[in-house]
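Heads up: the structure comes next, in structure tokens.
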Amino acid sequence: MIKILFICHGNICRSTMSQFVFQDMINKRGLSDKFYINSAATSREEIGNGPHYGTVNKMKEVGIPILPHRAVQMTKKDYEQYDYLIGMDGENIRNMNRIAGGDPEGKIHMLLEFSDEPRAIADPWYTGNFDVTYRDVVEGCEAFLSYLIGKAFT
């Protein structure tokens, strides 16, 4: 089983959106028994809060199930328990490395690094644009899943 932890600053916008989108993708492909998907924050600001209403509204709009979720903070133990820790931007990556105490096993990645156009995913908490974030998340999740399928299932 491949264990993936999607991570952003607060665990209410981008990481939850990535978790929901990726889970939907693997469910539709009949691969749900091959993966364990979760999400977390690098900060403590939103701990205990549910997904942002902008993420919830976007998931409803596109027909992706909203999973039960409350924001949690990434821990050093997560580095041991997950195969991939996927951040959304450079600040997330720096904070993930700080929390994990480094990345000796090469588990920490930025989601869009798997796409043809590696870049950060803008935080809709600040931009207010959940449509752009959704497009970037889908692009990243599709590229990441293709990478994983190519690596593990061929």
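Quick note on naming: the chains in the structure tokens go A, B, ... in the order shown, residues restart at 1 in each chain, and ligands are numbered from 1 in order of appearance.
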If we count only C-alpha atoms, what is near Glu45 of chain A at a cut-off of 10 Å, once residues fewer than 5 positions away on the same chain are taken out, given as a PyMOL selection string?
chain A and resi 9-11+71-73
Suppose we keep N, CA, C and O atoms; can you now write the selection as a PDB file, in the first residue's frame?
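Saved result, selection.pdb, follows:
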```pdb
ATOM      1  N   HIS A   9      -0.171  24.841   4.322  1.00  0.00           N
ATOM      2  CA  HIS A   9       0.036  25.647   5.523  1.00  0.00           C
ATOM      3  C   HIS A   9      -0.975  25.327   6.628  1.00  0.00           C
ATOM      4  O   HIS A   9      -0.604  25.052   7.757  1.00  0.00           O
ATOM      5  N   GLY A  10      -2.275  25.361   6.294  1.00  0.00           N
ATOM      6  CA  GLY A  10      -3.300  25.214   7.324  1.00  0.00           C
ATOM      7  C   GLY A  10      -4.108  23.937   7.301  1.00  0.00           C
ATOM      8  O   GLY A  10      -4.850  23.660   8.235  1.00  0.00           O
ATOM      9  N   ASN A  11      -4.014  23.164   6.214  1.00  0.00           N
ATOM     10  CA  ASN A  11      -4.751  21.903   6.065  1.00  0.00           C
ATOM     11  C   ASN A  11      -6.259  22.107   5.975  1.00  0.00           C
ATOM     12  O   ASN A  11      -7.043  21.293   6.432  1.00  0.00           O
ATOM     13  N   ALA A  71      -8.453  19.591  10.472  1.00  0.00           N
ATOM     14  CA  ALA A  71      -7.046  19.938  10.267  1.00  0.00           C
ATOM     15  C   ALA A  71      -6.171  19.400  11.393  1.00  0.00           C
ATOM     16  O   ALA A  71      -6.525  19.483  12.570  1.00  0.00           O
ATOM     17  N   VAL A  72      -5.037  18.833  10.991  1.00  0.00           N
ATOM     18  CA  VAL A  72      -4.017  18.345  11.917  1.00  0.00           C
ATOM     19  C   VAL A  72      -2.663  18.860  11.446  1.00  0.00           C
ATOM     20  O   VAL A  72      -2.489  19.212  10.281  1.00  0.00           O
ATOM     21  N   GLN A  73      -1.705  18.878  12.349  1.00  0.00           N
ATOM     22  CA  GLN A  73      -0.361  19.294  11.982  1.00  0.00           C
ATOM     23  C   GLN A  73       0.509  18.079  11.684  1.00  0.00           C
ATOM     24  O   GLN A  73       0.435  17.060  12.377  1.00  0.00           O
TER      25      GLN A  73
END
```
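For segment 127-135 of chain A, the set of protein, DNA and RNA residues having any atom at most 7 Å away, when counting only C-alpha atoms and skipping those fewer than 4 positions along the same chain, is Gly54, Thr55, Lys58, Ile121, Ala122, Asp123 and Glu139 of chain A.
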Hey, which of A:Ile26, A:Ala40, A:Met1, A:Ile149 ends up closest to Met74 of chain A? Count only C-alpha atoms.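 Closest to Met74 of chain A, using only C-alpha atoms: A:Ala40.
Distances from A:Thr42, A:Ser32, A:Ser15, A:Asn49 to Thr75 of chain A were compared using only C-alpha atoms, and the smallest one belongs to A:Thr42.
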Looking at A:Phe144, A:Ile7, A:Tyr126, A:Tyr36, which one is nearest to Leu85 of chain A, with distances taken over only C-alpha atoms?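 For Leu85 of chain A, the nearest of the candidates is A:Ile7.
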query: Quick one, how far is atom CA of Gly140 of chain A from atom CA of Phe114 of chain A?
result: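 That distance, rounded to one decimal, is 6.5 Å.
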Enumerate as JSON, numbers by chain all residues of chain A assigned to alpha helix (DSSP H) by DSSP on the backbone, naming them with the chain letters and numbers the document uses. {"A": [14, 15, 16, 17, 18, 19, 20, 21, 22, 23, 24, 25, 26, 27, 28, 53, 54, 55, 56, 57, 58, 59, 60, 61, 62, 76, 77, 78, 79, 80, 81, 90, 91, 92, 93, 94, 95, 96, 97, 98, 99, 100, 124, 125, 126, 127, 130, 131, 132, 133, 134, 135, 136, 137, 138, 139, 140, 141, 142, 143, 144, 145, 146, 147, 148, 149, 150, 151, 152]}
Query - Å distance separating atom CA of Phe22 of chain A from atom CA of Asn92 of chain A, one decimal place - result: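 Atom-to-atom, atom CA of Phe22 of chain A to atom CA of Asn92 of chain A, that is 18.9 Å.
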| said: For a quick check of understanding, using only C-alpha atoms, which of A:Asp33, A:Asp78, A:Asp89, A:Asp136 has the smallest distance to Ile2 of chain A? | reply: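 For Ile2 of chain A, the nearest of the candidates is A:Asp33.
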